[in-house]
Each structure stands twice: as structure tokens, then as C-alpha cells.
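Heads up, start.cif below (mmCIF, C-alpha atoms and all ligand atoms):
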```cif
data_entry
loop_
_atom_site.label_atom_id
_atom_site.label_comp_id
_atom_site.auth_asym_id
_atom_site.auth_seq_id
_atom_site.Cartn_x
_atom_site.Cartn_y
_atom_site.Cartn_z
CA MET A 1 163.57 181.40 123.46
CA SER A 2 164.01 184.59 121.46
CA GLY A 3 166.88 186.87 122.50
CA LEU A 4 164.63 189.79 121.59
CA ILE A 5 162.18 189.34 124.49
CA GLU A 6 161.71 192.72 126.21
CA LYS A 7 164.47 194.24 124.07
CA LYS A 8 163.82 197.89 123.18
CA ILE A 9 164.32 198.30 119.45
CA LEU A 10 164.31 201.77 117.95
CA LEU A 11 163.52 201.31 114.26
CA GLY A 12 164.54 204.09 111.89
CA VAL A 13 162.68 204.10 108.58
CA THR A 14 164.14 206.11 105.70
CA ALA A 15 162.79 206.96 102.27
CA GLY A 16 162.94 203.98 99.95
CA ILE A 17 160.47 201.65 98.30
CA ALA A 18 161.37 199.00 100.90
CA ALA A 19 159.79 201.19 103.62
CA TYR A 20 156.63 199.10 103.23
CA LYS A 21 158.62 196.00 104.26
CA ALA A 22 159.48 197.72 107.55
CA ALA A 23 155.83 197.32 108.54
CA GLU A 24 156.18 193.52 108.43
CA LEU A 25 159.48 193.87 110.29
CA VAL A 26 157.74 195.67 113.18
CA ARG A 27 155.18 192.86 113.34
CA GLN A 28 157.86 190.15 113.45
CA LEU A 29 159.95 191.98 116.06
CA ARG A 30 156.91 192.32 118.31
CA GLN A 31 156.03 188.66 117.77
CA ARG A 32 159.47 187.82 119.15
CA GLY A 33 158.75 189.85 122.27
CA ALA A 34 160.54 193.10 121.42
CA CYS A 35 159.18 196.54 122.24
CA VAL A 36 159.45 198.67 119.08
CA LYS A 37 159.42 202.45 118.66
CA VAL A 38 159.65 203.96 115.19
CA VAL A 39 161.45 207.07 113.97
CA MET A 40 160.72 208.12 110.39
CA THR A 41 162.59 210.60 108.22
CA GLU A 42 160.49 213.29 106.63
CA SER A 43 160.83 211.73 103.16
CA ALA A 44 159.96 208.25 104.46
CA GLN A 45 156.51 209.54 105.32
CA ALA A 46 155.86 210.00 101.59
CA PHE A 47 156.21 206.19 101.21
CA VAL A 48 154.36 204.86 104.29
CA SER A 49 152.15 206.71 106.71
CA PRO A 50 153.30 207.05 110.35
CA LEU A 51 149.84 205.76 111.24
CA THR A 52 150.78 202.31 109.86
CA PHE A 53 153.77 202.10 112.20
CA GLN A 54 151.82 203.53 115.10
CA ALA A 55 149.17 200.82 114.70
CA LEU A 56 151.74 198.02 114.32
CA SER A 57 154.10 199.13 117.09
CA GLY A 58 151.40 200.29 119.51
CA GLN A 59 153.59 203.37 120.15
CA PRO A 60 153.56 206.96 118.89
CA VAL A 61 155.81 207.42 115.86
CA HIS A 62 158.58 210.03 116.08
CA THR A 63 159.18 212.27 113.09
CA GLN A 64 160.38 215.64 114.37
CA LEU A 65 163.68 216.77 115.86
CA LEU A 66 162.35 220.13 116.86
CA ASP A 67 159.31 218.79 118.71
CA PRO A 68 158.15 221.07 121.54
CA ALA A 69 155.77 218.30 122.73
CA ALA A 70 158.67 215.90 123.40
CA GLU A 71 159.73 215.61 127.03
CA ALA A 72 161.51 218.89 127.92
CA GLY A 73 162.11 219.29 124.18
CA MET A 74 164.86 216.61 124.48
CA GLY A 75 163.04 213.75 122.76
CA HIS A 76 166.11 212.77 120.73
CA ILE A 77 168.19 212.13 123.86
CA GLU A 78 165.32 210.22 125.48
CA LEU A 79 165.02 207.98 122.43
CA ALA A 80 168.80 207.51 122.20
CA LYS A 81 168.92 206.38 125.84
CA TRP A 82 165.79 204.24 125.59
CA ALA A 83 167.07 201.99 122.78
CA ASP A 84 168.82 198.66 123.42
CA ILE A 85 169.40 198.42 119.66
CA LEU A 86 169.01 201.05 116.96
CA LEU A 87 167.99 199.43 113.68
CA VAL A 88 167.62 201.41 110.46
CA ALA A 89 165.63 199.49 107.83
CA PRO A 90 165.47 200.44 105.09
CA ALA A 91 168.59 202.57 105.15
CA SER A 92 168.66 204.86 102.10
CA ALA A 93 171.85 205.89 100.29
CA ASN A 94 171.21 209.40 101.53
CA PHE A 95 170.92 208.24 105.13
CA LEU A 96 174.15 206.19 104.87
CA ALA A 97 175.94 209.29 103.56
CA ARG A 98 174.61 211.39 106.44
CA LEU A 99 175.57 208.71 108.96
CA ALA A 100 179.10 208.41 107.50
CA THR A 101 179.66 212.15 107.78
CA GLY A 102 178.25 212.38 111.31
CA GLN A 103 175.41 214.70 110.41
CA ALA A 104 172.63 215.46 112.84
CA ASN A 105 170.20 217.28 110.60
CA ASP A 106 167.06 215.34 111.50
CA LEU A 107 165.73 213.25 114.37
CA LEU A 108 167.07 209.89 113.13
CA THR A 109 170.67 211.00 112.46
CA THR A 110 170.74 212.94 115.74
CA VAL A 111 169.62 209.86 117.68
CA CYS A 112 172.32 207.82 115.87
CA LEU A 113 174.96 210.24 117.12
CA ALA A 114 173.56 210.40 120.63
CA THR A 115 173.01 206.69 121.30
CA HIS A 116 175.36 204.20 122.98
CA ALA A 117 173.24 201.31 121.69
CA PRO A 118 174.60 199.10 118.90
CA ILE A 119 173.50 200.39 115.48
CA VAL A 120 172.47 198.00 112.72
CA VAL A 121 171.60 199.21 109.23
CA ALA A 122 169.84 197.29 106.45
CA PRO A 123 170.51 199.20 103.21
CA ALA A 124 168.00 199.14 100.36
CA MET A 125 168.50 200.91 97.07
CA ASN A 126 168.93 200.57 93.33
CA GLN A 127 171.92 198.37 92.42
CA ALA A 128 173.78 201.26 90.72
CA MET A 129 173.35 203.43 93.83
CA TRP A 130 174.69 200.58 95.99
CA SER A 131 177.74 199.96 93.79
CA ASN A 132 178.50 203.67 93.40
CA PRO A 133 181.96 204.41 94.89
CA ALA A 134 180.43 207.10 97.12
CA THR A 135 178.10 204.56 98.78
CA ARG A 136 180.91 201.99 98.99
CA HIS A 137 183.11 204.54 100.72
CA ASN A 138 180.32 205.58 103.12
CA CYS A 139 179.72 201.94 104.07
CA GLN A 140 183.41 201.40 104.75
CA ILE A 141 183.43 204.38 107.12
CA ILE A 142 180.26 203.21 108.86
CA ALA A 143 181.56 199.64 109.24
CA SER A 144 184.91 200.87 110.57
CA ARG A 145 182.99 202.55 113.41
CA GLY A 146 181.45 199.24 114.45
CA ILE A 147 178.04 199.83 112.88
CA ARG A 148 176.71 196.57 111.49
CA ILE A 149 175.62 196.55 107.86
CA ILE A 150 173.32 193.63 107.08
CA GLY A 151 172.62 192.88 103.43
CA PRO A 152 171.62 194.05 100.94
CA ALA A 153 170.47 190.99 99.03
CA ASN A 154 170.76 190.21 95.35
CA GLY A 155 167.71 189.97 93.11
CA SER A 156 165.13 191.84 91.07
CA GLN A 157 164.39 195.40 92.15
CA ALA A 158 161.28 197.61 92.11
CA CYS A 159 162.84 199.73 89.32
CA GLY A 160 163.25 196.65 87.08
CA ASP A 161 167.01 196.30 87.58
CA VAL A 162 168.57 193.11 88.87
CA GLY A 163 171.49 193.14 91.30
CA LEU A 164 172.63 193.86 94.83
CA GLY A 165 170.44 196.37 96.65
CA ARG A 166 167.28 194.65 97.92
CA MET A 167 166.65 194.97 101.63
CA LEU A 168 166.98 191.68 103.52
CA GLU A 169 163.68 189.99 104.35
CA ALA A 170 162.12 190.77 107.75
CA GLN A 171 163.01 187.31 109.05
CA GLU A 172 166.68 187.68 108.10
CA ILE A 173 166.81 191.07 109.82
CA THR A 174 165.26 189.75 113.03
CA GLU A 175 167.73 186.82 113.02
CA ALA A 176 170.61 189.29 112.67
CA LEU A 177 169.27 191.29 115.63
CA GLU A 178 169.04 188.13 117.72
CA GLN A 179 172.76 187.68 117.08
CA VAL A 180 173.46 191.24 118.21
CA THR A 181 171.66 190.58 121.49
CA THR A 182 173.38 187.26 122.13
CA GLY A 183 176.74 188.73 121.21
CA GLY A 184 177.30 186.02 118.59
CA LEU A 185 178.39 182.39 118.91
CA LEU A 186 181.94 183.19 117.77
CA MET A 187 182.51 186.32 119.86
CA GLY A 188 186.23 186.69 120.63
CA LYS A 189 187.19 183.91 118.18
CA THR A 190 189.44 184.31 115.14
CA VAL A 191 188.21 182.55 112.03
CA VAL A 192 190.27 182.14 108.84
CA ILE A 193 188.38 181.20 105.67
CA THR A 194 189.72 180.57 102.17
CA ALA A 195 187.44 181.22 99.20
CA GLY A 196 187.34 181.25 95.43
CA PRO A 197 189.57 179.58 92.86
CA THR A 198 193.31 179.94 92.45
CA ARG A 199 195.00 180.95 89.20
CA GLU A 200 198.11 179.13 88.09
CA PRO A 201 200.00 181.08 85.41
CA ILE A 202 201.20 179.46 82.20
CA ASP A 203 202.73 182.62 80.75
CA PRO A 204 202.11 186.37 81.32
CA VAL A 205 198.66 186.20 79.64
CA ARG A 206 197.34 182.68 80.33
CA TYR A 207 196.49 180.67 83.39
CA ILE A 208 194.77 177.52 84.65
CA THR A 209 191.81 177.93 86.97
CA ASN A 210 188.40 176.39 87.81
CA HIS A 211 184.73 177.33 88.05
CA SER A 212 184.65 178.39 91.71
CA SER A 213 182.85 181.75 92.14
CA GLY A 214 183.82 182.22 95.80
CA LYS A 215 180.16 182.73 96.78
CA MET A 216 180.07 179.99 99.41
CA GLY A 217 183.31 181.10 101.09
CA TYR A 218 182.21 184.74 101.11
CA ALA A 219 178.81 183.74 102.56
CA LEU A 220 180.64 181.81 105.30
CA ALA A 221 182.85 184.81 106.04
CA ALA A 222 179.77 187.05 106.33
CA ALA A 223 178.14 184.48 108.64
CA ALA A 224 181.28 184.27 110.84
CA ARG A 225 181.38 188.05 111.09
CA GLU A 226 177.65 188.10 112.00
CA GLU A 227 178.45 185.63 114.80
CA GLY A 228 180.94 188.14 116.18
CA ALA A 229 184.17 186.48 114.95
CA ASN A 230 187.30 188.36 114.02
CA THR A 231 187.09 187.12 110.43
CA ILE A 232 189.94 186.83 107.94
CA LEU A 233 189.16 185.87 104.36
CA ILE A 234 191.93 184.67 102.04
CA SER A 235 190.36 185.10 98.65
CA GLY A 236 191.42 183.87 95.25
CA PRO A 237 190.36 185.99 92.25
CA THR A 238 186.57 186.56 92.29
CA SER A 239 184.19 189.24 91.06
CA LEU A 240 182.48 189.49 94.46
CA GLU A 241 182.05 192.71 96.42
CA PRO A 242 184.40 193.06 99.42
CA LEU A 243 182.71 192.22 102.73
CA PHE A 244 182.45 194.92 105.35
CA GLY A 245 184.08 194.09 108.65
CA VAL A 246 186.04 191.17 107.16
CA ARG A 247 189.80 191.46 106.69
CA THR A 248 190.31 190.23 103.14
CA ILE A 249 193.67 189.15 101.74
CA ARG A 250 193.71 188.67 98.00
CA VAL A 251 195.91 186.01 96.43
CA GLU A 252 196.24 184.45 93.00
CA THR A 253 198.09 181.14 93.21
CA ALA A 254 197.87 178.10 95.48
CA ARG A 255 201.36 178.86 96.83
CA GLN A 256 200.34 182.40 97.77
CA MET A 257 197.21 181.03 99.43
CA LEU A 258 199.30 178.51 101.37
CA ASP A 259 201.76 181.18 102.55
CA GLN A 260 198.94 183.42 103.82
CA ALA A 261 197.03 180.51 105.38
CA LEU A 262 200.07 179.32 107.35
CA VAL A 263 200.85 182.80 108.67
CA LEU A 264 197.27 183.78 109.49
CA SER A 265 196.21 180.46 111.05
CA GLY A 266 198.76 180.69 113.84
CA GLY A 267 196.60 181.60 116.84
CA ALA A 268 193.30 181.20 114.91
CA ASP A 269 190.46 179.24 116.53
CA LEU A 270 188.84 177.97 113.37
CA PHE A 271 190.00 177.39 109.80
CA ILE A 272 187.55 176.75 106.97
CA GLY A 273 189.11 175.71 103.67
CA CYS A 274 186.41 176.59 101.17
CA ALA A 275 188.67 177.64 98.28
CA ALA A 276 188.86 175.47 95.20
CA VAL A 277 192.65 175.37 95.15
CA ALA A 278 194.08 174.19 91.84
CA ASP A 279 195.58 170.74 92.39
CA TYR A 280 198.22 171.26 89.71
CA ALA A 281 200.24 174.16 88.34
CA PRO A 282 202.54 174.42 85.29
CA GLU A 283 206.05 173.35 86.24
CA GLN A 284 207.53 176.27 84.28
CA VAL A 285 205.95 179.69 83.82
CA ALA A 286 207.06 181.16 80.49
CA LEU A 287 208.48 184.65 80.92
CA GLN A 288 207.10 185.75 77.54
CA LYS A 289 203.78 184.93 75.87
CA ILE A 290 203.98 181.48 74.27
CA LYS A 291 203.56 181.93 70.51
CA LYS A 292 201.36 179.60 68.50
CA ASP A 293 203.34 180.02 65.24
CA GLY A 294 205.08 176.78 64.40
CA ASN A 295 203.57 174.99 67.39
CA GLU A 296 200.83 172.54 66.39
CA ALA A 297 200.63 171.18 69.91
CA LEU A 298 201.70 172.53 73.24
CA ASN A 299 202.80 170.27 76.05
CA LEU A 300 202.37 171.58 79.55
CA ARG A 301 203.92 169.62 82.37
CA LEU A 302 201.89 170.13 85.52
CA VAL A 303 203.18 169.52 89.00
CA LYS A 304 201.20 169.04 92.17
CA ASN A 305 200.36 172.13 94.20
CA PRO A 306 200.71 172.15 97.97
CA ASP A 307 197.58 171.05 99.85
CA VAL A 308 196.57 174.18 101.79
CA VAL A 309 194.08 172.59 104.21
CA ALA A 310 196.31 169.60 104.98
CA ALA A 311 199.28 171.92 105.61
CA VAL A 312 197.29 174.04 108.10
CA ALA A 313 196.04 170.84 109.77
CA ARG A 314 199.68 169.80 110.35
CA LEU A 315 200.50 173.00 112.30
CA PRO A 316 201.52 172.14 115.88
CA GLU A 317 198.87 174.50 117.38
CA ARG A 318 196.33 173.94 114.67
CA PRO A 319 192.89 175.56 114.67
CA PHE A 320 189.65 173.54 114.55
CA MET A 321 189.74 172.37 110.94
CA VAL A 322 186.85 172.36 108.47
CA GLY A 323 187.45 171.32 104.86
CA PHE A 324 185.19 171.36 101.82
CA ALA A 325 184.86 168.44 99.45
CA ALA A 326 183.49 169.36 96.02
CA GLU A 327 182.83 166.01 94.38
CA THR A 328 181.12 164.81 91.21
CA GLU A 329 180.51 161.18 92.28
CA ASN A 330 180.43 159.08 95.48
CA VAL A 331 180.28 162.38 97.34
CA LEU A 332 180.01 161.07 100.90
CA GLN A 333 182.60 158.35 100.43
CA HIS A 334 185.18 160.79 98.99
CA ALA A 335 184.38 163.34 101.70
CA ARG A 336 184.93 160.77 104.43
CA GLU A 337 188.30 159.78 102.93
CA LYS A 338 189.27 163.46 102.89
CA LEU A 339 188.30 163.84 106.56
CA HIS A 340 190.75 161.09 107.57
CA ARG A 341 193.50 161.71 105.01
CA LYS A 342 193.81 165.40 105.86
CA ASN A 343 193.23 165.02 109.60
CA LEU A 344 190.22 167.37 109.67
CA ASP A 345 187.53 167.85 112.34
CA LEU A 346 184.69 168.36 109.88
CA VAL A 347 184.11 168.14 106.16
CA ILE A 348 181.35 169.90 104.24
CA ALA A 349 180.62 167.97 101.07
CA ASN A 350 178.72 169.03 98.00
CA ASP A 351 177.91 167.56 94.64
CA VAL A 352 179.25 169.95 92.02
CA ALA A 353 177.98 167.76 89.18
CA ASP A 354 174.51 169.19 89.86
CA SER A 355 174.50 172.57 88.03
CA ALA A 356 171.53 173.89 90.08
CA ILE A 357 173.81 173.99 93.12
CA GLY A 358 177.52 174.35 93.82
CA PHE A 359 179.91 176.34 91.60
CA ASN A 360 178.61 179.76 90.52
CA SER A 361 175.08 179.08 91.75
CA ASP A 362 173.43 181.16 94.51
CA ARG A 363 172.12 177.93 96.00
CA ASN A 364 173.76 174.90 97.51
CA ALA A 365 172.94 171.64 99.29
CA VAL A 366 175.59 169.98 101.44
CA TRP A 367 176.38 167.34 104.01
CA LEU A 368 178.33 168.20 107.10
CA LEU A 369 180.19 165.16 108.33
CA ASP A 370 182.64 164.06 110.97
CA ALA A 371 183.85 160.72 112.26
CA ALA A 372 180.53 160.08 114.04
CA GLY A 373 178.03 160.77 111.25
CA GLU A 374 176.57 163.32 108.93
CA ILE A 375 173.88 166.02 108.73
CA ALA A 376 172.18 166.79 105.41
CA TYR A 377 171.42 170.44 104.61
CA PRO A 378 168.84 170.57 101.79
CA GLU A 379 169.09 172.98 98.86
CA GLN A 380 168.81 176.61 99.98
CA ASP A 381 170.26 180.08 99.43
CA LYS A 382 174.03 180.07 100.10
CA ARG A 383 173.81 182.90 102.65
CA GLN A 384 171.14 181.13 104.66
CA LEU A 385 173.05 177.86 104.39
CA ALA A 386 176.24 179.60 105.53
CA ARG A 387 174.49 180.93 108.66
CA ARG A 388 173.16 177.47 109.54
CA LEU A 389 176.54 175.82 108.92
CA MET A 390 178.33 178.46 110.97
CA GLN A 391 175.99 177.89 113.92
CA GLU A 392 176.65 174.13 113.79
CA ILE A 393 180.41 174.63 113.37
CA ALA A 394 180.45 177.10 116.31
CA ALA A 395 178.62 174.56 118.50
CA ARG A 396 181.13 171.81 117.55
CA LEU A 397 184.05 174.16 118.19
CA GLU A 398 182.63 174.94 121.64
CA ARG A 399 182.33 171.19 122.46
CA HIS A 400 185.82 170.53 121.08
CA ASN A 401 187.32 173.28 123.27
CA SER A 402 185.50 172.16 126.41
CA ARG A 403 186.86 168.60 125.93
CA LYS A 404 190.41 170.02 125.78
CA LEU A 405 190.03 171.73 129.20
C1 LIG B 501 159.94 206.47 94.13
C2 LIG B 501 161.27 206.65 94.82
C3 LIG B 501 161.91 205.54 95.31
C4 LIG B 501 163.13 205.68 95.96
N1 LIG B 501 163.74 204.57 96.45
C5 LIG B 501 164.93 204.68 97.08
C6 LIG B 501 165.56 203.53 97.61
O1 LIG B 501 165.06 202.41 97.54
N2 LIG B 501 166.75 203.69 98.24
C7 LIG B 501 167.35 204.91 98.37
O2 LIG B 501 168.44 204.98 98.92
N3 LIG B 501 166.77 206.01 97.87
C8 LIG B 501 165.57 205.94 97.24
N4 LIG B 501 164.97 207.06 96.74
C9 LIG B 501 165.61 208.36 96.97
C10 LIG B 501 165.37 208.83 98.40
O3 LIG B 501 163.98 208.84 98.67
C11 LIG B 501 165.97 210.20 98.62
O4 LIG B 501 167.39 210.11 98.51
C12 LIG B 501 165.61 210.80 99.94
O5 LIG B 501 166.16 212.09 100.02
C13 LIG B 501 166.10 209.97 101.13
O6 LIG B 501 165.71 210.60 102.31
P1 LIG B 501 166.05 210.05 103.77
O7 LIG B 501 167.37 209.40 103.69
O8 LIG B 501 166.06 211.27 104.63
O9 LIG B 501 164.96 209.16 104.18
C14 LIG B 501 163.73 206.95 96.09
C15 LIG B 501 163.05 208.06 95.60
C16 LIG B 501 161.85 207.92 94.96
C17 LIG B 501 161.16 209.16 94.45
#
```

In C-alpha cells, how does this file's structure come out?
Amino acid sequence: MSGLIEKKILLGVTAGIAAYKAAELVRQLRQRGACVKVVMTESAQAFVSPLTFQALSGQPVHTQLLDPAAEAGMGHIELAKWADILLVAPASANFLARLATGQANDLLTTVCLATHAPIVVAPAMNQAMWSNPATRHNCQIIASRGIRIIGPANGSQACGDVGLGRMLEAQEITEALEQVTTGGLLMGKTVVITAGPTREPIDPVRYITNHSSGKMGYALAAAAREEGANTILISGPTSLEPLFGVRTIRVETARQMLDQALVLSGGADLFIGCAAVADYAPEQVALQKIKKDGNEALNLRLVKNPDVVAAVARLPERPFMVGFAAETENVLQHAREKLHRKNLDLVIANDVADSAIGFNSDRNAVWLLDAAGEIAYPEQDKRQLARRLMQEIAARLERHNSRKL
């Protein structure tokens, strides 16, 4: 049953190309049983007519702050009190800036200030506008006040650019709202996730690393945060954008990752080791750049790195342990060995020999396995996969905890 049944959703629509997608969003929210009222900014009405939203929501559309026809002229307070959730989709860069600075210069921003309902924003804009430091800063302020930022997604944009800035699809937004209403499967839980590669220095300019992009670990951290978890991400070097609402600790080497993981996992409920930790590191790190003159060959002696996941699994009060197994052959067999050898509760296995999925790709296909069996997750977008995995992991964690009682 949908958590949105009879929920009162106030949908703010701001001025961006994605405003047309908000029409489909209204339809889907109503299909799930929600009652939807729409507030449009003045500029948004240049993109989509209020009549469209009136027809789809079955409610008058609100566009004016200074509206003498509104009840006692206090329509903004009425709307702010009416809403169970205030969703702004699309949220323009301009709107995010006004929200961050607490402005109340139109109906939508005034309602945002006046409401006690949770606020969720789905930004949509050109990729350069999204990555502009001003927008980044505004989002940080908004997130620090507990406003949920969902998306944006990566992909091709109306202006012809490619990058981060597309509004999430209507279905993804409704799923995120369902989580807001249920409070999230990991509410009150602390989740520690490792992501990305590690870098093992050879000398001041060279290092050993691997192909991990960090995308899967970051997607899992975003999914844990969406499920209401206090989420801590220990990230090796990646080029990924920081995640709002996720405490991110940046490390370089396997040893640094181990140190952080051991400290941060004390008291955590769930640990997910998604980082591709280098198995070996140079025994000696040269203090100066190694010169090639006179050296026809260079011998590096590598020594084994500590095993981060296994070390956390050996903690006396260890969290529920999930490891990743990136394999190139006999994937399930190797994953099952890892499950037992490292004393894990679950292993998520993927075949990194397939270049369409795994390292650096936006898509992945995995198996989730424990001692009793396995579930196959077919190829899909890493963010969607992360949400599905997190729901399954949260359910297993719940069962695990209830057995301990
Ligand atoms: C054709 C066109 C498309 C636009 N698309 C976007 C967009 O996708 N995202 C965005 O933040 N701004 C976009 N803008 C700029 C906003 O419309 C502009 O900043 C406006 O003042 C936002 O008003 P509002 O935040 O009050 O709705 C676009 C402008 C034009 C003319």
C-alpha cells in the first residue's frame, strides 16, 4: 500500500524546462492516493499554464502572494498549514538561492518559510549552473537545515549539454516522497560505507591504484541517507560530487581507510565495504621522485595491505557487515568464500570483467548472497540498484536485530 494515500502534497513549480515533467508528477502522486495542490512561481507560468495543473490536480492553482481572494488574505499561511509535505519540482537555481537566504518574496518562498512540513526539493538546471559554487553553497545551506535534496540526475539536457542537472523522473520523486512519509527504513541507524579506490604511493609523484570510480559506494550512501540513516562515507580519491547530508571523510591509502573505518564503526549499526581497497602497497615509499636515468628496470616490492572489511568484522561490537566482491571469474564461488573467510553477514558480488557494468559504468548487475542463498539483481542504473539493495539490507538488518533480542 502506498504511503502517500490521503497525504496532502503541496507541489511548488518553478521556472525551468522540466516544469512540463511536473504535470506527470501530479498525475503519479494522485494515482498513489495523494491530494495535490500546486503553487507556481510567476516565471514558471511562462513554461506551463496553471490550467494544466488545475486540470491534473483537480484543485485551483496558487500563483499570488498578495491575493485578496484568498481566505482572509492569509492564503500563504493556510497553504503552509495544509501541507503534509512541501515538494518543489523542478527547483530552479534561482529558487534554491532564495530558499537558502530565507527570502519570502513570492508565494512559494513564503510558504516554505511558514510551513512545519518536511520540504523536499528536486533541482533541475543546466549542468554548469548546478556545478557553480554559488549553487553548491546554497544546496549545502539548504541541506544543513534538514531540507531534502533529491537528484539531480546525470544525462543529456534540453540545452544540448550533458552532465548533472536533469530533474529526477516522476517515479523516482514519488518513491522519495514515500520514504519521507514512512520515515525511512534506516531511521535512527548509523551506516558507515567505504567507496572508491585507494592510492598507494610509490614516491611523491607516483602511486598504485585501480579502476574503481566510487559510483556504487556513493549511490549506496545516497540511498542510506534517503532511508533516514545517519550516513558516514569513507571515500578514497574520486571525481564525484560530495553528497548532501552525508558526512564524508576523504582518505588516500588503505591504512588511512582502515584507521577511519575502525574508529567510525564503533557504535555503527551497519558497515558496507564497497571500496576497492588496494591489496598491496609498496614496502618503501621513496622520499624523492625516483629517477629513470641509469635505471633500465625498477623493482617494486609490494607488501599486503590490511583487510579493511575483515578488520571491522573482527571488532567485538561489530556492526551488521556487508562486503563487496568484485570478481572477474567464478563470481558466486569467490563471493561465497569471501562471506565465510571474512565473517560477513552479506556479500554483494559483481562481475567486473563485463565492461558494460561495474567499474566506472553508471550501470551494474549484482548478486546479493548470504549463507542461505542468493538474489540476482539484473542490470540497472546504479542509483536505482543502490535503493533496492539498501531496502533489502535494511530488512535483513531488522531481522538480524530482532533475533538478537
Ligand atoms: C528557456 C529557459 C529555460 C530555463 N531553464 C532553467 C532551468 O532548467 N533551471 C533553472 O534553474 N533555471 C532555468 N531558467 C532560468 C529561470 O527561468 C530564471 O532563473 C527564473 O528567474 C527562475 O524563476 P523562479 O525561480 O522564480 O521560478 C531558464 C530560463 C529560460 C528562458

Considering only C-alpha atoms and all ligand atoms, give me a table of residues in chain A that are at most 7 Å from ligand LIG 501 (chain B), with the closest atom pair and distance in Å for each, as JSON lines.
```
{"residue": "A:Thr14", "atom": "CA", "partner": "B:LIG501", "partner_atom": "O9", "distance": 3.5}
{"residue": "A:Ala15", "atom": "CA", "partner": "B:LIG501", "partner_atom": "O9", "distance": 3.6}
{"residue": "A:Gly16", "atom": "CA", "partner": "B:LIG501", "partner_atom": "C6", "distance": 3.5}
{"residue": "A:Ile17", "atom": "CA", "partner": "B:LIG501", "partner_atom": "O1", "distance": 4.7}
{"residue": "A:Ala18", "atom": "CA", "partner": "B:LIG501", "partner_atom": "O1", "distance": 6.0}
{"residue": "A:Thr41", "atom": "CA", "partner": "B:LIG501", "partner_atom": "O9", "distance": 4.9}
{"residue": "A:Glu42", "atom": "CA", "partner": "B:LIG501", "partner_atom": "O8", "distance": 6.3}
{"residue": "A:Ser43", "atom": "CA", "partner": "B:LIG501", "partner_atom": "O9", "distance": 5.0}
{"residue": "A:Ala44", "atom": "CA", "partner": "B:LIG501", "partner_atom": "O9", "distance": 5.1}
{"residue": "A:Ala91", "atom": "CA", "partner": "B:LIG501", "partner_atom": "O2", "distance": 6.7}
{"residue": "A:Ser92", "atom": "CA", "partner": "B:LIG501", "partner_atom": "O2", "distance": 3.2}
{"residue": "A:Ala93", "atom": "CA", "partner": "B:LIG501", "partner_atom": "O2", "distance": 3.8}
{"residue": "A:Asn94", "atom": "CA", "partner": "B:LIG501", "partner_atom": "O7", "distance": 4.4}
{"residue": "A:Phe95", "atom": "CA", "partner": "B:LIG501", "partner_atom": "O7", "distance": 4.0}
{"residue": "A:Ala124", "atom": "CA", "partner": "B:LIG501", "partner_atom": "N2", "distance": 5.2}
{"residue": "A:Met125", "atom": "CA", "partner": "B:LIG501", "partner_atom": "N2", "distance": 3.5}
{"residue": "A:Asn126", "atom": "CA", "partner": "B:LIG501", "partner_atom": "O1", "distance": 6.0}
```

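The list of residues within 6 Å of (164.0, 203.3, 107.0), counted using only C-alpha atoms, is Gly12, Val13, Thr14, Ala19, Val88, Ala89, Pro90 and Ala91 of chain A.
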
*For Ile393 of chain A, the nearest of the candidates A:Phe244, A:Trp82, A:Phe47, A:Phe271, counting all atoms listed in the file*: A:Phe271

*Which is closest to Gly267 of chain A among A:Glu317, A:Glu227, A:Asp293, A:Glu172, if we use only C-alpha atoms?*
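Among A:Glu317, A:Glu227, A:Asp293, A:Glu172, it is A:Glu317 that comes nearest to Gly267 of chain A.
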
*Determine the nearest neighbour of Thr181 of chain A from the options A:Asn330, A:Ile5, A:Ala395, A:Arg314, counting all atoms listed in the file.*
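Of A:Asn330, A:Ile5, A:Ala395, A:Arg314, the one nearest Thr181 of chain A, counting all atoms listed in the file, is A:Ile5.
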
*Shell of 7 Å around Met321 of chain A, only C-alpha atoms, local chain residues under 5 positions omitted, as number ranges by chain*: A: 270-272, 313, 344-346

*Hey, which of A:Gln28, A:Thr135, A:Gln391, A:Gln59 ends up closest to Ala224 of chain A? Count only C-alpha atoms.*
A:Gln391

*Considering only C-alpha atoms, state which residue in the set A:Gly151, A:Pro118, A:Pro237, A:Pro133 is at the smallest distance from Gln384 of chain A.*
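The answer is A:Gly151, which sits nearest to Gln384 of chain A.
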
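Here atom CA of Pro306 of chain A is placed at a distance of 25.4 Å from atom CA of Gln288 of chain A.
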
Quick one: axis-aligned box around all listed atoms of segment 259-269 of chain A, 5 Å on every side, centre and edge lengths in Å to one decimal, written as AutoDock Vina command-line options.
```
--center_x 196.1 --center_y 181.5 --center_z 109.7 --size_x 21.3 --size_y 14.5 --size_z 24.3
```

*Mind giving me the straight-line distance from atom CA of Ala297 of chain A to atom CA of Ile202 of chain A in Å, one decimal?*
14.8 Å

*Could you give me, as an MDAnalysis selection string, the residues that sit within 12 Å of (151.8, 204.0, 109.1) in the file's coordinates, counting only C-alpha atoms?*
chainID A and resid 13 19:24 26 38:40 44:63

_Length of the atom CA of Arg27 of chain A to atom CA of Ile150 of chain A vector [Å]_ =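 According to the coordinates, atom CA of Arg27 of chain A and atom CA of Ile150 of chain A are separated by 19.2 Å.
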
*For Arg148 of chain A: contacts at 7 Å, all atoms listed in the file, fewer than 4 positions along chain excluded, given as a list in words*: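 My list of contacting residues is Ile119, Val120, Val121 and Ala143 of chain A.
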
Emit the selected residues as an mmCIF file, keeping the file's coordinate frame, including C-alpha atoms.
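Below you can see result26.cif, which holds the result:
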```
data_model
loop_
_atom_site.group_PDB
_atom_site.id
_atom_site.type_symbol
_atom_site.label_atom_id
_atom_site.label_comp_id
_atom_site.auth_asym_id
_atom_site.auth_seq_id
_atom_site.Cartn_x
_atom_site.Cartn_y
_atom_site.Cartn_z
ATOM 1 C CA ILE A 119 173.500 200.390 115.480
ATOM 2 C CA VAL A 120 172.470 198.000 112.720
ATOM 3 C CA VAL A 121 171.600 199.210 109.230
ATOM 4 C CA ALA A 143 181.560 199.640 109.240
#
```

*With only C-alpha atoms as the basis for distance, which of A:Tyr218, A:Trp367, A:Trp130, A:Tyr207 is at the shortest distance from Gln333 of chain A?*
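Nearest candidate to Gln333 of chain A out of A:Tyr218, A:Trp367, A:Trp130, A:Tyr207: A:Trp367.
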